[in-house]
Structures are given as structure tokens and as C-alpha cells.
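Data file: data.txt. Format and content: compact mmCIF, C-alpha atoms and all ligand atoms.
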```
# COMPACT_ATOMS: atom_id res chain seq x y z
CA MET A 30 11.43 14.93 -27.84
CA SER A 31 13.29 13.98 -31.02
CA LYS A 32 13.17 10.41 -32.34
CA SER A 33 16.89 9.90 -31.76
CA GLN A 34 16.64 11.14 -28.15
CA ALA A 35 13.78 8.71 -27.54
CA ARG A 36 15.75 5.87 -29.10
CA ARG A 37 18.75 6.62 -26.87
CA LEU A 38 16.65 6.62 -23.71
CA LYS A 39 15.19 3.23 -24.60
CA GLN A 40 18.68 1.88 -25.20
CA TRP A 41 20.02 3.33 -21.93
CA ASP A 42 17.10 1.92 -19.97
CA ARG A 43 17.94 -1.60 -21.17
CA GLU A 44 21.63 -1.01 -20.59
CA TYR A 45 21.58 0.60 -17.12
CA ILE A 46 18.36 -0.05 -15.20
CA TRP A 47 17.45 -3.19 -13.26
CA HIS A 48 13.68 -2.96 -12.82
CA PRO A 49 11.87 -4.10 -9.65
CA PHE A 50 9.80 -7.33 -9.67
CA THR A 51 10.88 -7.83 -13.28
CA GLN A 52 12.44 -10.77 -15.10
CA MET A 53 15.01 -8.72 -16.98
CA LYS A 54 15.45 -11.43 -19.59
CA ASP A 55 11.90 -10.71 -20.75
CA TRP A 56 12.25 -6.95 -20.33
CA ALA A 57 15.19 -6.86 -22.75
CA LYS A 58 12.95 -8.31 -25.47
CA THR A 59 10.29 -5.63 -25.20
CA GLU A 60 10.25 -1.93 -26.01
CA PRO A 61 10.23 -0.01 -22.69
CA LEU A 62 7.39 2.46 -22.21
CA ILE A 63 9.05 5.57 -20.82
CA ILE A 64 6.91 8.18 -19.07
CA ASP A 65 8.04 11.76 -19.47
CA SER A 66 5.18 13.93 -18.20
CA ALA A 67 1.69 13.74 -16.74
CA ASP A 68 -1.49 15.73 -16.28
CA GLY A 69 -4.42 14.77 -14.05
CA ILE A 70 -4.99 11.05 -14.40
CA TYR A 71 -3.04 10.82 -17.67
CA LEU A 72 0.58 9.85 -18.32
CA LYS A 73 2.49 10.83 -21.45
CA ASP A 74 5.37 8.80 -22.85
CA ILE A 75 8.47 10.03 -24.70
CA ASP A 76 6.85 9.23 -28.05
CA GLY A 77 3.90 11.48 -27.26
CA ASN A 78 1.33 8.74 -26.49
CA ILE A 79 -1.14 9.44 -23.70
CA TYR A 80 -2.41 6.80 -21.26
CA MET A 81 -4.89 6.77 -18.42
CA ASP A 82 -3.16 5.90 -15.12
CA GLY A 83 -5.42 2.96 -14.19
CA VAL A 84 -3.51 1.85 -11.10
CA SER A 85 -2.56 5.26 -9.67
CA SER A 86 1.14 4.75 -10.47
CA LEU A 87 1.29 1.64 -8.30
CA TRP A 88 -1.47 2.59 -5.87
CA VAL A 89 -0.05 5.96 -4.76
CA ASN A 90 -1.66 8.75 -6.76
CA VAL A 91 -4.76 10.28 -5.15
CA HIS A 92 -5.84 13.59 -6.71
CA GLY A 93 -4.11 13.22 -10.08
CA HIS A 94 -0.67 14.20 -11.31
CA ARG A 95 0.50 17.82 -11.21
CA GLN A 96 -2.29 18.69 -8.79
CA PRO A 97 -1.97 22.51 -8.56
CA ASP A 98 -2.26 22.76 -4.74
CA ILE A 99 0.32 20.05 -4.08
CA ASP A 100 2.64 21.48 -6.75
CA ALA A 101 2.38 24.91 -5.14
CA ALA A 102 2.95 23.57 -1.62
CA LEU A 103 6.13 21.87 -2.81
CA VAL A 104 7.44 24.97 -4.56
CA LYS A 105 6.77 26.97 -1.39
CA GLN A 106 8.53 24.41 0.78
CA ILE A 107 11.54 24.19 -1.57
CA ALA A 108 12.05 27.92 -1.15
CA LYS A 109 12.38 27.36 2.60
CA LEU A 110 13.91 23.96 3.34
CA SER A 111 14.22 20.70 1.44
CA HIS A 112 15.79 18.52 4.08
CA SER A 113 16.94 18.62 7.67
CA THR A 114 17.06 15.68 10.05
CA LEU A 115 14.66 14.53 12.80
CA LEU A 116 17.60 12.97 14.65
CA GLY A 117 18.32 15.58 17.30
CA LEU A 118 16.29 18.28 15.49
CA SER A 119 12.75 18.85 14.34
CA ASN A 120 11.15 20.65 11.39
CA THR A 121 7.96 22.58 10.74
CA PRO A 122 6.11 20.40 8.17
CA ALA A 123 6.90 17.18 10.08
CA ILE A 124 5.30 18.59 13.24
CA GLU A 125 2.25 19.98 11.47
CA LEU A 126 1.70 16.74 9.60
CA ALA A 127 1.97 14.61 12.75
CA LYS A 128 -0.77 16.71 14.32
CA ARG A 129 -2.98 16.45 11.20
CA LEU A 130 -2.52 12.69 10.89
CA LEU A 131 -3.50 12.11 14.52
CA ASP A 132 -6.57 14.34 14.01
CA ILE A 133 -7.90 12.14 11.19
CA ALA A 134 -6.66 8.73 12.38
CA PRO A 135 -8.79 6.33 14.46
CA LYS A 136 -9.25 7.71 17.98
CA GLY A 137 -6.62 6.69 20.51
CA LEU A 138 -3.54 6.93 18.31
CA LYS A 139 -1.26 9.53 19.83
CA LYS A 140 2.25 9.33 18.34
CA VAL A 141 3.76 9.43 14.85
CA PHE A 142 7.05 7.78 13.87
CA TYR A 143 8.19 8.64 10.35
CA SER A 144 10.00 6.59 7.75
CA ASP A 145 9.97 6.56 3.97
CA ASN A 146 8.19 3.50 2.58
CA GLY A 147 5.55 0.92 3.41
CA SER A 148 8.00 -1.87 4.25
CA THR A 149 9.75 0.25 6.86
CA ALA A 150 6.46 1.50 8.29
CA VAL A 151 5.54 -2.15 9.00
CA GLU A 152 9.01 -3.11 10.14
CA ILE A 153 9.01 -0.26 12.65
CA ALA A 154 5.67 -1.44 14.05
CA ILE A 155 7.04 -4.98 14.39
CA LYS A 156 10.18 -3.78 16.17
CA MET A 157 8.21 -1.48 18.47
CA ALA A 158 5.72 -4.20 19.39
CA TYR A 159 8.47 -6.72 20.06
CA GLN A 160 10.62 -4.29 22.05
CA TYR A 161 7.67 -3.03 24.09
CA TRP A 162 7.21 -6.47 25.66
CA GLN A 163 10.98 -6.81 26.20
CA ASN A 164 11.16 -3.34 27.76
CA ILE A 165 8.43 -4.03 30.30
CA GLY A 166 9.92 -7.43 31.18
CA ASN A 167 7.40 -9.68 29.44
CA LEU A 168 10.23 -11.58 27.80
CA LYS A 169 8.19 -14.48 26.42
CA LYS A 170 6.09 -12.39 24.05
CA THR A 171 8.32 -12.69 20.99
CA CYS A 172 6.22 -14.29 18.24
CA LEU A 173 4.57 -12.51 15.30
CA VAL A 174 1.35 -13.77 13.70
CA HIS A 175 0.05 -12.94 10.22
CA LEU A 176 -2.43 -14.21 7.65
CA SER A 177 -1.57 -16.64 4.89
CA ASN A 178 -1.26 -14.66 1.63
CA SER A 179 -0.34 -11.51 3.53
CA TYR A 180 1.96 -8.93 1.98
CA HIS A 181 3.73 -6.30 4.06
CA GLY A 182 6.69 -5.27 1.92
CA ASP A 183 10.06 -6.43 0.66
CA THR A 184 12.66 -5.72 3.35
CA LEU A 185 13.57 -8.85 5.31
CA GLY A 186 11.55 -7.94 8.40
CA SER A 187 8.38 -7.33 6.43
CA VAL A 188 9.09 -10.35 4.23
CA SER A 189 9.14 -12.43 7.44
CA VAL A 190 5.48 -11.58 8.11
CA GLY A 191 4.54 -12.07 4.46
CA GLY A 192 2.74 -15.14 3.17
CA ILE A 193 2.97 -14.93 -0.61
CA ASP A 194 5.23 -17.85 -1.38
CA LEU A 195 6.42 -16.52 -4.72
CA PHE A 196 8.05 -13.51 -3.04
CA HIS A 197 9.38 -15.29 0.06
CA LYS A 198 10.34 -18.90 -0.62
CA VAL A 199 13.89 -18.20 -1.71
CA TYR A 200 14.68 -16.16 1.46
CA ARG A 201 13.34 -18.74 3.91
CA LYS A 202 16.67 -19.20 5.70
CA LEU A 203 17.23 -15.46 6.10
CA ILE A 204 13.92 -14.48 7.64
CA PHE A 205 12.61 -14.93 11.19
CA LYS A 206 10.02 -17.54 12.18
CA THR A 207 6.37 -16.49 12.44
CA ILE A 208 2.97 -18.12 12.68
CA ALA A 209 0.76 -17.93 9.57
CA LEU A 210 -2.98 -18.32 10.13
CA LYS A 211 -4.60 -20.80 7.79
CA GLY A 212 -7.40 -19.73 5.49
CA HIS A 213 -9.31 -16.51 5.01
CA GLY A 214 -12.13 -14.59 6.58
CA TRP A 215 -14.02 -16.42 9.31
CA GLU A 216 -11.76 -19.44 8.93
CA ALA A 217 -8.66 -17.36 9.72
CA LEU A 218 -10.49 -15.86 12.65
CA GLU A 219 -11.22 -19.28 14.07
CA ALA A 220 -7.57 -20.23 13.66
CA LEU A 221 -6.59 -17.03 15.45
CA GLU A 222 -8.83 -17.71 18.42
CA GLU A 223 -7.45 -21.23 18.79
CA LEU A 224 -3.89 -19.96 18.57
CA LEU A 225 -4.35 -17.12 21.04
CA LYS A 226 -6.06 -19.43 23.51
CA ALA A 227 -3.14 -21.85 23.38
CA ARG A 228 -0.18 -19.51 22.94
CA GLY A 229 -1.28 -15.93 23.56
CA ASN A 230 1.42 -15.54 26.19
CA ASN A 231 4.10 -15.98 23.54
CA ILE A 232 2.63 -13.68 20.94
CA ALA A 233 3.76 -10.08 20.61
CA ALA A 234 1.50 -8.95 17.78
CA LEU A 235 -0.81 -9.82 14.92
CA VAL A 236 -0.04 -8.06 11.61
CA VAL A 237 -2.86 -7.65 9.08
CA GLU A 238 -3.95 -5.66 6.05
CA PRO A 239 -7.42 -4.64 7.22
CA LEU A 240 -10.39 -5.38 4.93
CA VAL A 241 -8.45 -5.79 1.68
CA GLN A 242 -5.38 -7.96 1.12
CA GLY A 243 -4.03 -6.05 -1.85
CA ALA A 244 -1.00 -7.91 -3.17
CA ALA A 245 -2.73 -11.26 -2.58
CA GLY A 246 -5.02 -10.26 -5.45
CA MET A 247 -7.50 -7.86 -3.82
CA LEU A 248 -8.95 -10.38 -1.38
CA VAL A 249 -11.83 -8.72 0.44
CA TRP A 250 -12.64 -9.65 4.05
CA PRO A 251 -16.17 -10.51 5.13
CA GLU A 252 -17.85 -7.67 7.00
CA GLY A 253 -17.27 -7.70 10.73
CA ALA A 254 -14.27 -10.05 10.68
CA PHE A 255 -11.77 -7.28 11.33
CA LYS A 256 -13.66 -6.02 14.38
CA LYS A 257 -13.80 -9.58 15.73
CA MET A 258 -10.09 -9.90 15.16
CA ARG A 259 -9.52 -6.71 17.11
CA ASP A 260 -11.64 -8.00 19.99
CA LEU A 261 -9.61 -11.21 20.13
CA THR A 262 -6.28 -9.38 20.26
CA LEU A 263 -7.58 -7.22 23.11
CA LYS A 264 -8.88 -10.26 24.99
CA TYR A 265 -5.55 -12.06 24.77
CA ASN A 266 -3.29 -9.04 25.24
CA VAL A 267 -1.72 -9.16 21.79
CA PHE A 268 -0.97 -6.03 19.78
CA LEU A 269 -2.75 -5.40 16.49
CA ILE A 270 -0.66 -3.92 13.69
CA ALA A 271 -2.89 -2.56 10.90
CA ASP A 272 -0.95 -2.26 7.65
CA GLU A 273 -2.93 0.40 5.78
CA VAL A 274 -0.14 1.12 3.34
CA ALA A 275 -2.49 0.22 0.46
CA THR A 276 -5.92 0.86 2.01
CA GLY A 277 -5.09 4.21 3.63
CA PHE A 278 -5.99 7.66 2.31
CA GLY A 279 -9.42 6.98 0.91
CA ARG A 280 -8.86 3.86 -1.18
CA THR A 281 -11.65 1.86 0.49
CA GLY A 282 -14.10 4.76 0.59
CA LYS A 283 -13.18 6.00 4.07
CA MET A 284 -9.95 7.75 4.98
CA PHE A 285 -8.71 4.55 6.65
CA ALA A 286 -10.07 1.00 6.35
CA CYS A 287 -10.06 0.62 10.16
CA GLN A 288 -12.82 3.24 10.29
CA HIS A 289 -15.31 0.97 8.48
CA GLU A 290 -15.49 -1.17 11.61
CA GLY A 291 -14.64 1.38 14.28
CA VAL A 292 -11.30 -0.22 15.08
CA THR A 293 -8.35 1.53 16.68
CA PRO A 294 -5.27 -0.67 16.19
CA ASP A 295 -2.16 -0.46 18.38
CA PHE A 296 -0.16 0.43 15.29
CA LEU A 297 -1.33 2.01 12.04
CA CYS A 298 1.13 1.79 9.15
CA LEU A 299 0.77 4.37 6.39
CA ALA A 300 2.66 5.08 3.17
CA LYS A 301 1.52 4.79 -0.46
CA GLY A 302 -1.16 7.49 -0.77
CA MET A 303 0.23 9.66 1.99
CA THR A 304 1.83 12.33 -0.22
CA GLY A 305 -0.83 12.02 -2.92
CA GLY A 306 1.68 10.01 -4.94
CA TYR A 307 4.33 12.72 -5.05
CA LEU A 308 7.18 11.69 -2.75
CA PRO A 309 8.26 8.76 -0.58
CA LEU A 310 6.99 9.09 2.97
CA ALA A 311 5.64 6.68 5.56
CA ALA A 312 4.44 6.80 9.14
CA THR A 313 3.80 4.35 11.94
CA LEU A 314 1.15 5.69 14.29
CA THR A 315 0.83 4.26 17.78
CA THR A 316 -0.68 4.75 21.22
CA GLN A 317 0.40 6.46 24.42
CA LYS A 318 0.71 3.04 26.06
CA ILE A 319 3.33 1.82 23.58
CA TYR A 320 5.17 5.12 23.73
CA ASP A 321 5.27 5.01 27.51
CA GLY A 322 6.81 1.52 27.31
CA PHE A 323 9.97 3.14 25.98
CA LEU A 324 10.35 5.85 28.65
CA PHE A 325 13.27 4.81 30.85
CA ASP A 326 16.59 6.21 32.02
CA TYR A 327 18.93 6.15 29.06
CA LYS A 328 21.38 3.82 30.81
CA GLU A 329 18.74 1.06 30.82
CA GLN A 330 19.14 0.96 27.01
CA LYS A 331 15.44 0.72 26.27
CA THR A 332 15.37 3.52 23.71
CA PHE A 333 13.86 2.75 20.31
CA PHE A 334 17.13 2.54 18.39
CA HIS A 335 15.78 3.01 14.90
CA GLY A 336 15.73 5.82 12.34
CA HIS A 337 16.17 6.54 8.67
CA THR A 338 18.26 9.30 7.17
CA TYR A 339 15.34 11.00 5.43
CA THR A 340 12.93 10.51 8.34
CA GLY A 341 10.33 13.30 8.39
CA ASN A 342 11.65 14.92 5.23
CA PRO A 343 10.14 18.44 5.03
CA LEU A 344 9.32 18.28 1.31
CA SER A 345 7.52 14.96 1.66
CA CYS A 346 5.66 16.22 4.73
CA ALA A 347 4.64 19.41 2.88
CA ALA A 348 3.25 17.26 0.05
CA ALA A 349 1.36 15.11 2.57
CA LEU A 350 -0.14 18.18 4.24
CA ALA A 351 -1.25 19.54 0.87
CA ASN A 352 -2.68 16.11 -0.02
CA LEU A 353 -4.87 16.20 3.10
CA GLU A 354 -5.92 19.77 2.39
CA VAL A 355 -7.08 18.77 -1.10
CA PHE A 356 -9.11 15.92 0.45
CA GLN A 357 -10.93 18.53 2.50
CA ARG A 358 -11.24 21.34 0.00
CA LYS A 359 -12.47 19.10 -2.82
CA HIS A 360 -14.65 16.85 -0.63
CA THR A 361 -12.84 13.91 -2.18
CA LEU A 362 -14.36 11.23 0.04
CA ALA A 363 -17.94 12.50 -0.31
CA LYS A 364 -17.57 12.57 -4.11
CA LEU A 365 -16.14 9.06 -4.09
CA GLY A 366 -19.41 7.43 -2.98
CA PRO A 367 -21.22 7.61 -6.35
CA LYS A 368 -18.06 6.56 -8.20
CA ILE A 369 -17.73 3.46 -5.99
CA LYS A 370 -21.36 2.57 -6.76
CA PHE A 371 -20.80 3.08 -10.47
CA LEU A 372 -17.69 0.88 -10.33
CA ALA A 373 -19.62 -1.86 -8.51
CA LYS A 374 -22.42 -1.78 -11.06
CA LYS A 375 -20.10 -1.85 -14.06
CA LEU A 376 -17.85 -4.57 -12.65
CA LYS A 377 -20.77 -6.99 -12.84
CA MET A 378 -20.56 -7.04 -16.64
CA PHE A 379 -17.17 -8.74 -16.40
CA TYR A 380 -18.96 -11.93 -15.40
CA ASN A 381 -20.19 -12.04 -19.03
CA LEU A 382 -16.64 -12.98 -19.99
CA PRO A 383 -16.18 -16.75 -19.64
CA PHE A 384 -12.56 -16.50 -18.47
CA VAL A 385 -13.35 -14.18 -15.58
CA ALA A 386 -13.37 -16.33 -12.45
CA GLU A 387 -14.22 -13.70 -9.84
CA VAL A 388 -14.55 -9.95 -9.43
CA ARG A 389 -13.69 -8.41 -6.06
CA GLN A 390 -14.11 -4.83 -4.91
CA LYS A 391 -13.89 -2.73 -1.80
CA GLY A 392 -14.29 0.98 -2.43
CA PHE A 393 -11.83 2.04 -5.10
CA MET A 394 -9.79 -1.16 -4.96
CA ALA A 395 -10.86 -3.79 -7.48
CA GLY A 396 -9.47 -7.06 -8.78
CA ILE A 397 -10.69 -9.13 -11.72
CA GLU A 398 -9.45 -12.69 -11.39
CA LEU A 399 -8.95 -14.52 -14.66
CA ARG A 400 -8.90 -18.23 -15.13
CA GLY A 401 -7.81 -20.31 -18.04
CA ARG A 402 -5.01 -21.04 -20.31
CA LEU A 403 -1.99 -19.07 -19.17
CA GLU A 404 -2.61 -18.60 -15.47
CA THR A 405 0.16 -16.26 -14.31
CA LEU A 406 0.98 -14.76 -17.70
CA VAL A 407 -2.55 -13.97 -18.79
CA GLY A 408 -2.67 -10.93 -16.48
CA ALA A 409 0.46 -9.47 -18.04
CA GLU A 410 -0.94 -10.11 -21.50
CA VAL A 411 -4.16 -8.25 -20.73
CA CYS A 412 -2.21 -5.30 -19.31
CA GLN A 413 -0.02 -5.20 -22.43
CA ARG A 414 -3.12 -5.30 -24.62
CA VAL A 415 -4.98 -2.54 -22.76
CA ARG A 416 -2.20 -0.08 -23.65
CA GLN A 417 -3.55 -0.14 -27.19
CA TYR A 418 -6.74 1.34 -25.76
CA GLY A 419 -4.79 4.05 -23.94
CA VAL A 420 -4.69 2.64 -20.43
CA ILE A 421 -1.82 1.63 -18.12
CA LEU A 422 -2.54 -1.29 -15.79
CA ARG A 423 -0.32 -3.59 -13.74
CA PRO A 424 -1.62 -7.06 -12.80
CA LEU A 425 -1.04 -9.26 -9.77
CA GLY A 426 -0.45 -12.64 -11.39
CA ASN A 427 -3.77 -13.53 -13.02
CA VAL A 428 -5.66 -10.74 -11.26
CA ILE A 429 -6.25 -7.50 -13.19
CA VAL A 430 -6.08 -4.63 -10.71
CA LEU A 431 -8.16 -1.48 -11.12
CA MET A 432 -7.18 1.25 -8.70
CA PRO A 433 -7.49 4.63 -10.42
CA PRO A 434 -6.78 7.97 -8.72
CA LEU A 435 -9.70 9.04 -6.51
CA SER A 436 -10.06 12.15 -8.69
CA ILE A 437 -11.17 10.15 -11.75
CA SER A 438 -14.55 11.21 -13.20
CA ILE A 439 -17.46 8.83 -13.85
CA GLU A 440 -16.91 9.19 -17.63
CA GLU A 441 -13.24 8.36 -17.29
CA LEU A 442 -14.05 5.44 -15.02
CA ASP A 443 -16.43 4.16 -17.68
CA PHE A 444 -13.66 4.44 -20.28
CA LEU A 445 -11.24 2.56 -18.01
CA LEU A 446 -13.73 -0.27 -17.50
CA MET A 447 -14.61 -0.54 -21.19
CA ALA A 448 -10.94 -0.61 -22.21
CA THR A 449 -10.22 -3.31 -19.62
CA TYR A 450 -13.24 -5.31 -20.75
CA ARG A 451 -12.13 -5.21 -24.39
CA ALA A 452 -8.55 -6.15 -23.51
CA ILE A 453 -9.68 -9.21 -21.54
CA GLU A 454 -12.03 -10.15 -24.37
CA ASP A 455 -9.22 -9.81 -26.95
CA VAL A 456 -6.76 -11.91 -24.98
CA GLY A 457 -9.35 -14.57 -24.25
CA ALA A 458 -10.41 -14.88 -27.88
C1 LIG A 501 2.93 -1.73 -1.07
C2 LIG A 501 2.67 -2.31 0.27
C3 LIG A 501 3.71 -2.41 1.23
C4 LIG A 501 5.12 -2.03 0.92
O1 LIG A 501 5.29 -0.67 0.68
P1 LIG A 501 6.61 -0.15 -0.05
O2 LIG A 501 6.48 1.32 -0.04
O3 LIG A 501 6.60 -0.75 -1.42
O4 LIG A 501 7.77 -0.65 0.75
C5 LIG A 501 3.37 -2.88 2.48
N1 LIG A 501 2.12 -3.26 2.79
C6 LIG A 501 1.12 -3.18 1.89
C7 LIG A 501 -0.25 -3.59 2.31
C8 LIG A 501 1.36 -2.73 0.60
O5 LIG A 501 0.37 -2.68 -0.30
```

Would you encode the structure as C-alpha cells?
Amino acid sequence: MSKSQARRLKQWDREYIWHPFTQMKDWAKTEPLIIDSADGIYLKDIDGNIYMDGVSSLWVNVHGHRQPDIDAALVKQIAKLSHSTLLGLSNTPAIELAKRLLDIAPKGLKKVFYSDNGSTAVEIAIKMAYQYWQNIGNLKKTCLVHLSNSYHGDTLGSVSVGGIDLFHKVYRKLIFKTIALKGHGWEALEALEELLKARGNNIAALVVEPLVQGAAGMLVWPEGAFKKMRDLTLKYNVFLIADEVATGFGRTGKMFACQHEGVTPDFLCLAKGMTGGYLPLAATLTTQKIYDGFLFDYKEQKTFFHGHTYTGNPLSCAAALANLEVFQRKHTLAKLGPKIKFLAKKLKMFYNLPFVAEVRQKGFMAGIELRGRLETLVGAEVCQRVRQYGVILRPLGNVIVLMPPLSISIEELDFLLMATYRAIEDVGA
């Protein structure tokens, strides 16, 4: 690309784009980094610089960019059909993918409802859980419960079950009332038991991010807590909604986080890694019991009145099918084991840095919490600095997130960790 072309793009970006989660006043003062192409785990900008994709393009990329099998599957699908609706019709890739997802999901999940992003996947689960109890005449079960510090997306329904004050405070009067459990881990579990004992009859569902609370800063649950939580919801007849938008598709070392503790939730919400990081697609998986709670004569008006225009998009579904095939063909999960161990070993060295407060890891999700002078801005500073070492990262406040594509090699992982280490050291100096 010529220098003048690159200059124009940078100018147009500042002039025309409003970036998500971004204070645009600050953005206008910086030079935008514009990605133009990619290969494997590397991104290339319009000036020709190459960067390692250290956070999988916001937690979505799985097998690398321009993965030949997924590319080919998309080309093949484009030659047949790019979009047709699931409202009143069906399509081939959507059907095949539903079958595949149910094959690999925790046992007992029987139905797939498609949408196109993580927020809607959660929102659909919330609406289904709520309406199920209404449909069967249990009219008092209307309340939703979630953890403090939970994050389930940015649409108003998923914001309602979110607990990160920074994202939610301003919308307080627009969102519906919920119950937030105090504390973390065993403490939250205790709070849940107390709550369910007292008010279980009023509670429709508990929404959680199993094992790792991503947006909260990679908070990792103590082992066994999720299973206990599941047992409590069963005991008190409350649905469990597992938001695996971030943890799904191998990120924690198993295909789904639920499988670490042998849990089958009533709803499993999937999105981010579903298409290998190619296209927007989400799914809410649920059980026969929930599904049956919507089977009535039409005139009773108990249908699930919900759907998105691009629901079950054939291109997205073809990418998702190819993504799962690559998992199998390349033994992605089996190869991940040694990389997770390597990551765990190397992460320990970060404690040598005085401004590292805590390092957290579950599988291929890691967070390095920084303390010290700038609090919320120090994370951004480190991520700006690490670009000089050829790495793209995106922090969560003062937590540096490492979540590379699962296809990264041990050598590349080592490079990523060393670059991050140096950047933190530089900023702390
Ligand atoms: C990212 C995320 C969401 C929201 O997904 P979007 O596709 O951004 O709407 C929901 N839940 C969790 C756990 C997430 O990490």
C-alpha cells in the first residue's frame, strides 16, 4: 500500500469510525493501527508491520488466520448459498452444525437455537428460562441471579445480568432487577445456597461464566465450585445458564469448561470461538425439557417469539463446521496440553516483577494483574508498549490478558511471554 493511501485510511478512520469501548477523545490523539492482512497467528498492518495476535483478535481466533481448511469451506459454501433464513425455512450447514454441536456438547443438551453474538446467545437463554416457567404456569419464578463481577454482553438484557459496575452503572434505570451474589468462589456458593433456600420459588435461573470470569479480569474459580453450584440449582429447581461464550471451543483445555466438572447446564451459550474467529455466529443449546415447555397450540401464544435476521447463516455455519473439523484433524486439544503446562511454568516468572499483583490461568486463558501507580491506565500502557516488540494485546483495566490462538507453537508462546514481560518491566521502570 502506498504511503498516501495509508495516510488517507488513518484520516478516514478518525473521521468516520466510532470505536467500541473506546474514549474517542483519546483515540483522536493517537495514530490508529490498521490491520490489512493476516497469516497464521500474525497480523499485518497497512504500513507493513507484523504483529503476533496475542489475544486471538478479541478471544475468537482458534486455529490461526487464513486457516486453509476454513478458507476452503467458505469458498465452497459461497459457491452454493451465502444466506437464506431459518424463519420458515432451513438450510444445510445450519442443520449439520446443530447435529455436530450436540454431539460434542455436554450430554443431555438436545436443541440448538442460533443467533449471531454472545450477548444474544445469553439473552435468548434468559428469555427461554423466564418464559418456560410462565408457559407451564409457574408464574412466580421471574428472578434472575448472577455473580458479582459477571459479564454476559452489552445488549440491555445481558447488561442486566452483568456485575461490572463500569459497564452498567449508567444504564441502571433501563435494565431489569436481578440478584447479584456477593463474593467469589466458595463465598458466592454459600450466598447462593442461602438465597435459594429462602427464595428459590421466585428464581427462574442462575447465569454464570463457568470456571473463568473473563471480562472480570480472568478470575478463576476454585475446583469443584461449579459442580456444587450445579447441584444446588438442581436441588432448588432453578435453571443453570452456562455462558461459555469466552470459555467454549477449547480455551480452558477442554472443548467446553462445563466438561472439567462433568456438568450439563440447562442452557449452554456459545459464540466467540465458534467459527474459529471467522464470522459472527452464536448458539444457545438447551434440553428436551425446556423445548417441550414451549409445545402448545399456537392460539395459546406460548411460542418462543424471538429470532434474528441472520439466524443460522449458512456461511457462518460452514465456517463453524470447518472449525470443528480442524479441531479433530489436527488434534488441537491433545496438542494443547503441553502448551498449557509451558504457559503455567513461564507465567511464574512474572512474580519477579514487583508491580505484578497476581497471575491467573486456566488452560489458555491467562491474566496478569498489575498493581501500582496508574491502576486502570497501566494496562493500556503495557499493551501500547508491547507493540514495539511485535505483539498485539488488549488489557482489561489493569489486567494484561494473554489468550493466543490455540494453534500457537511453544516457541511462539515463549516469544509472546518474553515480549509481555519486557513491556511490563519497561512501563514499571
Ligand atoms: C464476549 C462475551 C460476551 C458477549 O459476546 P459478544 O459477541 O461480544 O456480544 C458474553 N459473555 C462472555 C462470557 C463473553 O466473554

What do you get as a ChimeraX atom specification if you pick all residues at most 7 Å from ligand LIG 501 (chain A), counting all atoms listed in the file? /A:146-149,151,180-183,238,242-244,272-275,300-301

Only C-alpha atoms, please: the residues just picked out, written as an mmCIF file, in the frame of the given file.
```cif
data_model
loop_
_atom_site.group_PDB
_atom_site.id
_atom_site.type_symbol
_atom_site.label_atom_id
_atom_site.label_comp_id
_atom_site.auth_asym_id
_atom_site.auth_seq_id
_atom_site.Cartn_x
_atom_site.Cartn_y
_atom_site.Cartn_z
ATOM 1 C CA ASN A 146 8.190 3.500 2.580
ATOM 2 C CA GLY A 147 5.550 0.920 3.410
ATOM 3 C CA SER A 148 8.000 -1.870 4.250
ATOM 4 C CA THR A 149 9.750 0.250 6.860
ATOM 5 C CA VAL A 151 5.540 -2.150 9.000
ATOM 6 C CA TYR A 180 1.960 -8.930 1.980
ATOM 7 C CA HIS A 181 3.730 -6.300 4.060
ATOM 8 C CA GLY A 182 6.690 -5.270 1.920
ATOM 9 C CA ASP A 183 10.060 -6.430 0.660
ATOM 10 C CA GLU A 238 -3.950 -5.660 6.050
ATOM 11 C CA GLN A 242 -5.380 -7.960 1.120
ATOM 12 C CA GLY A 243 -4.030 -6.050 -1.850
ATOM 13 C CA ALA A 244 -1.000 -7.910 -3.170
ATOM 14 C CA ASP A 272 -0.950 -2.260 7.650
ATOM 15 C CA GLU A 273 -2.930 0.400 5.780
ATOM 16 C CA VAL A 274 -0.140 1.120 3.340
ATOM 17 C CA ALA A 275 -2.490 0.220 0.460
ATOM 18 C CA ALA A 300 2.660 5.080 3.170
ATOM 19 C CA LYS A 301 1.520 4.790 -0.460
#
```

What is the CA of Leu195 in chain A to CA of Ile429 in chain A distance in Å? 17.7 Å

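Minimum atom-to-atom distances from A:Asn90, A:Thr276, A:Ser179, A:Asn266 to Thr304 in chain A were compared using all atoms listed in the file, and the lowest value belongs to A:Asn90.
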
Taking into account only C-alpha atoms, which residue in the set A:Leu372, A:Leu176, A:Leu435, A:Val241 is nearest to Leu210 in chain A? A:Leu176

With distances taken over all atoms listed in the file, which of A:Ile208, A:Met30, A:Ile270, A:Leu382 is nearest to Ala458 in chain A? A:Leu382

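Our summary of the geometry notes that CA of Leu422 in chain A is positioned 5.7 Å from CA of Val84 in chain A.
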
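Look at range 111-119 of chain A: the protein and nucleic acid residues within 8 Å of it, using only C-alpha atoms and passing over chain neighbours fewer than 4 places away, are Gln106, Ile107, Ala123, Ile124, Gly336, Thr338, Tyr339, Thr340, Gly341, Asn342, Pro343 and Leu344 of chain A.
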
Can you pull out the residues contacting Gly212 in chain A? Cut-off 12 Å, using all atoms listed in the file, and skip same-chain residues under 2 positions away; I want them as number ranges by chain. A: 175-179, 192, 209-210, 214-221, 248, 250

So the first atom is CA of Ala227 in chain A and the second is CA of Met157 in chain A; what is the distance between them in Å, to one decimal place? 23.8 Å

Which residues of range 275-356 of chain A sit at most 12 Å from range 436-439 of chain A, using only C-alpha atoms? Give each one's shortest atom pair and distance in Å (one decimal place), in chain and ascending residue order, as a Markdown table.
```
| residue | atom | partner | partner_atom | distance |
| --- | --- | --- | --- | --- |
| A:Gly279 | CA | A:Ser436 | CA | 10.9 |
| A:Arg280 | CA | A:Ser436 | CA | 11.3 |
| A:Gly305 | CA | A:Ser436 | CA | 10.9 |
| A:Val355 | CA | A:Ser436 | CA | 10.5 |
| A:Phe356 | CA | A:Ser436 | CA | 9.9 |
```

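When only C-alpha atoms are used to compute distances to Leu445 in chain A, the closest of the residues A:Asp260, A:Gly83, A:Leu406, A:Phe393 turns out to be A:Gly83.
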
Within 8 Å of (-14.6, -3.7, -0.6), in the coordinates the file gives, what residues turn up when you count all atoms listed in the file, written out as a VMD selection string? chain A and resid 240 to 241 249 to 250 281 389 to 395

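Take the candidates A:Gln52, A:Tyr200, A:Lys58, A:Leu297 and check each one against Lys39 in chain A using all atoms listed in the file; the shortest distance goes to A:Lys58.
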
Given all atoms listed in the file as the counted atoms, nearest of A:Leu446, A:Ala351, A:Val91, A:Val236 to Leu376 in chain A: A:Leu446

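Shell of Glu454 in chain A at 10 Å, with all atoms listed in the file counted and residues fewer than 6 places along the chain excluded, is Phe379, Asn381, Leu382, Pro383, Phe384, Val385, Val411 and Ala448 of chain A.
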
Using only C-alpha atoms, which protein or nucleic acid residues come within 10 Å of range 42-50 of chain A? Drop anything in the same chain fewer than 4 positions from it, and give the result as a list of chain:residue names. A:Arg37, A:Leu38, A:Trp56, A:Ala57, A:Lys58, A:Thr59, A:Glu60, A:Pro61, A:Leu62, A:Ile63, A:Phe196

Is there a way to get, as a PyMOL selection string, all residues within 8 Å of the point (-7.7, 6.4, 11.2) in file coordinates, counting all atoms listed in the file? chain A and resi 131+133-136+284-288+293+297

Please provide as a PyMOL selection string all residues within 9 Å of Gly229 in chain A, with the sequence filter that same-chain residues fewer than 6 positions apart are discarded (counting only C-alpha atoms). chain A and resi 170+262+265-267
